[in-house]
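Asker: Pasting my_file-v1.txt below, which is compact mmCIF, C-alpha atoms.
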```txt
# COMPACT_ATOMS: atom_id res chain seq x y z
CA MET A 223 10.40 21.29 -0.45
CA GLU A 224 13.27 19.90 -2.46
CA LEU A 225 13.76 18.61 -5.99
CA ASP A 226 15.67 15.43 -6.75
CA GLU A 227 17.78 14.79 -9.86
CA THR A 228 14.87 13.03 -11.59
CA GLY A 229 12.56 16.04 -11.21
CA ASN A 230 10.47 14.70 -8.33
CA LEU A 231 9.43 17.13 -5.61
CA HIS A 232 9.85 16.05 -1.97
CA VAL A 233 7.34 17.83 0.29
CA ALA A 234 7.16 17.76 4.10
CA HIS A 235 3.54 16.99 5.02
CA LEU A 236 2.72 18.58 8.37
CA GLY A 237 0.35 16.46 10.45
CA ARG A 238 0.79 13.28 8.37
CA ARG A 239 4.19 12.05 9.64
CA GLN A 240 5.49 11.74 6.10
CA VAL A 241 7.29 13.24 3.15
CA LEU A 242 5.34 13.16 -0.10
CA VAL A 243 7.19 12.49 -3.35
CA VAL A 244 5.42 14.18 -6.27
CA SER A 245 6.29 13.45 -9.91
CA PRO A 246 6.89 16.21 -12.48
CA GLU A 247 3.35 15.42 -13.71
CA GLY A 248 1.93 16.31 -10.28
CA LYS A 249 1.07 12.80 -9.07
CA VAL A 250 1.99 11.56 -5.59
CA ILE A 251 4.20 8.58 -6.37
CA ARG A 252 5.42 7.77 -2.87
CA ARG A 253 4.88 8.58 0.77
CA GLU A 254 8.02 8.29 2.87
CA PRO A 255 7.22 7.79 6.57
CA ASP A 256 9.05 10.14 8.94
CA GLY A 257 7.26 9.38 12.21
CA ASN A 258 7.22 13.04 13.23
CA LEU A 259 3.71 14.53 13.49
CA THR A 260 5.05 18.04 12.89
CA THR A 261 7.23 17.30 9.85
CA SER A 262 7.99 20.80 8.57
CA ASN A 263 10.89 20.96 6.11
CA VAL A 264 13.22 18.83 4.01
CA ALA A 265 16.71 19.31 2.57
CA PHE A 266 19.09 17.07 0.65
CA ALA A 267 22.62 17.05 2.10
CA GLU A 268 25.81 15.03 2.64
CA PRO A 269 28.69 15.09 0.16
CA LYS A 270 26.72 13.21 -2.51
CA MET A 271 23.41 15.04 -1.82
CA ASP A 272 21.81 11.60 -1.35
CA LYS A 273 20.38 11.95 2.16
CA LEU A 274 17.12 13.78 2.82
CA PHE A 275 17.05 15.52 6.18
CA VAL A 276 13.64 16.23 7.72
CA THR A 277 12.90 18.79 10.45
CA GLY A 278 9.97 19.06 12.81
CA GLY A 279 8.92 18.36 16.35
CA ASN A 280 8.48 20.15 19.57
CA PRO A 281 10.92 21.54 20.64
CA GLY A 282 12.69 20.30 17.50
CA ALA A 283 13.88 17.19 15.75
CA LEU A 284 16.06 16.21 12.82
CA SER A 285 15.83 12.88 11.04
CA ARG A 286 17.44 11.45 7.92
CA LEU A 287 15.89 9.41 5.12
CA ASP A 288 18.03 7.34 2.76
CA LEU A 289 15.95 7.33 -0.43
CA GLY A 290 18.47 6.13 -3.02
CA VAL A 291 18.18 9.33 -5.07
CA ARG A 292 20.27 12.50 -5.18
CA GLY A 293 18.93 15.97 -4.60
CA LEU A 294 19.14 18.55 -7.35
CA THR A 295 21.84 21.12 -6.64
CA LEU A 296 20.46 24.58 -7.32
CA LEU A 297 23.07 27.24 -7.86
CA PRO A 298 22.84 30.80 -9.17
CA ALA A 299 23.52 31.22 -12.88
CA PRO A 300 27.07 32.32 -13.72
CA GLY A 301 27.42 36.06 -13.16
CA GLN A 302 24.22 36.26 -11.12
CA VAL A 303 24.56 38.00 -7.77
CA ASP A 304 22.98 36.47 -4.67
CA GLY A 305 20.47 38.66 -2.89
CA PRO A 306 18.37 41.56 -4.14
CA SER A 307 19.31 43.32 -7.36
CA PRO A 308 21.07 46.67 -6.96
CA ARG A 309 18.88 49.69 -7.76
```
Show this structure as structure tokens.

Answerer:
Amino acid sequence: MELDETGNLHVAHLGRRQVLVVSPEGKVIRREPDGNLTTSNVAFAEPKMDKLFVTGGNPGALSRLDLGVRGLTLLPAPGQVDGPSPR
């Protein structure tokens, strides 16, 4: 799953050959065809974070969707350490 800059959630839908786009209100607003029966994960990438990469397949596949929206960049808060907290 990935969030875009408008708050929509992009969800790989295994067995449906598509990526669902779900609004912040929880409604499916779009179904983006991927063509891969075993669509399993999505990630925004490229320098502008405007390409959605989709994984799936047997033994494995990678496809790209150009959706015209940028992914939300999630970074740790300033001063937050990546990984488990020290005990």

Asker: Expressed in Å to a single decimal, how great is the separation between atom CA of A:Ala265 and atom CA of A:Glu224?

Answerer: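 If I compute the distance from atom CA of A:Ala265 to atom CA of A:Glu224, I get 6.1 Å.
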
Asker: Give the answer as one residue: which of A:Arg238, A:Arg252, A:His232, A:Arg286 has the shortest atom-to-atom distance to A:Lys273, using all atoms listed in the file?

Answerer: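 Among the listed residues, the smallest separation from A:Lys273 belongs to A:Arg286.
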
Asker: Rounded to one decimal place, report the atom CA of A:Thr277-atom CA of A:Asp256 distance in Å.

Answerer: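 Value for the atom CA of A:Thr277-atom CA of A:Asp256 distance: 9.6 Å.
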
Asker: Find the residues near A:Gly278: any atom within 9 Å, counting all atoms listed in the file, skip ones fewer than 4 places away on the same chain, and give them as a list of chain:residue names.

Answerer: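 Listed by chain and then number, they are A:Leu236, A:Asn258, A:Leu259, A:Thr260, A:Thr261, A:Ser262, A:Asn263, A:Gly282, A:Ala283, A:Leu284, A:Ser285.
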
Asker: When distances are computed from only C-alpha atoms, which of A:Gly257, A:Val250, A:Met223, A:Leu296 shows the smallest separation from A:Gly279?

Answerer: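 Using only C-alpha atoms, A:Gly279 sits closest to A:Gly257.
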
Asker: Quick one: residues within 10 Å of A:Ile251, only C-alpha atoms counted, chain neighbours fewer than 5 positions away excluded, as a CSV table (one decimal) with C-alpha atoms, in the coordinates of the input?

Answerer:
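Generated output (result-v4.csv):
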```
chain,number,residue,atom,x,y,z
A,230,ASN,CA,10.5,14.7,-8.3
A,242,LEU,CA,5.3,13.2,-0.1
A,243,VAL,CA,7.2,12.5,-3.4
A,244,VAL,CA,5.4,14.2,-6.3
A,245,SER,CA,6.3,13.4,-9.9
```

Asker: Could you check how far atom CA of A:Arg253 sits from atom CA of A:Leu294, in Å to one decimal?

Answerer: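 Separation between atom CA of A:Arg253 and atom CA of A:Leu294: 19.2 Å.
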
Asker: Which of these, A:Val241, A:Thr228, A:Glu247, A:Pro300, has the shortest distance to A:Leu287 once you count all atoms listed in the file?

Answerer: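 The closest residue to A:Leu287 is A:Val241.
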
Asker: Around (20.1, 9.5, -2.6), as given in the file, which residues come within 6 Å? Count all atoms listed in the file and list them as a ChimeraX atom specification.

Answerer: /A:272-273,289-292

Asker: Please, could you write that set of residues out with C-alpha atoms as an mmCIF file, in the frame of the given file?

Answerer:
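Listing of out_12.cif after writing:
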```cif
data_model
loop_
_atom_site.group_PDB
_atom_site.id
_atom_site.type_symbol
_atom_site.label_atom_id
_atom_site.label_comp_id
_atom_site.auth_asym_id
_atom_site.auth_seq_id
_atom_site.Cartn_x
_atom_site.Cartn_y
_atom_site.Cartn_z
ATOM 1 C CA ASP A 272 21.810 11.600 -1.350
ATOM 2 C CA LYS A 273 20.380 11.950 2.160
ATOM 3 C CA LEU A 289 15.950 7.330 -0.430
ATOM 4 C CA GLY A 290 18.470 6.130 -3.020
ATOM 5 C CA VAL A 291 18.180 9.330 -5.070
ATOM 6 C CA ARG A 292 20.270 12.500 -5.180
#
```
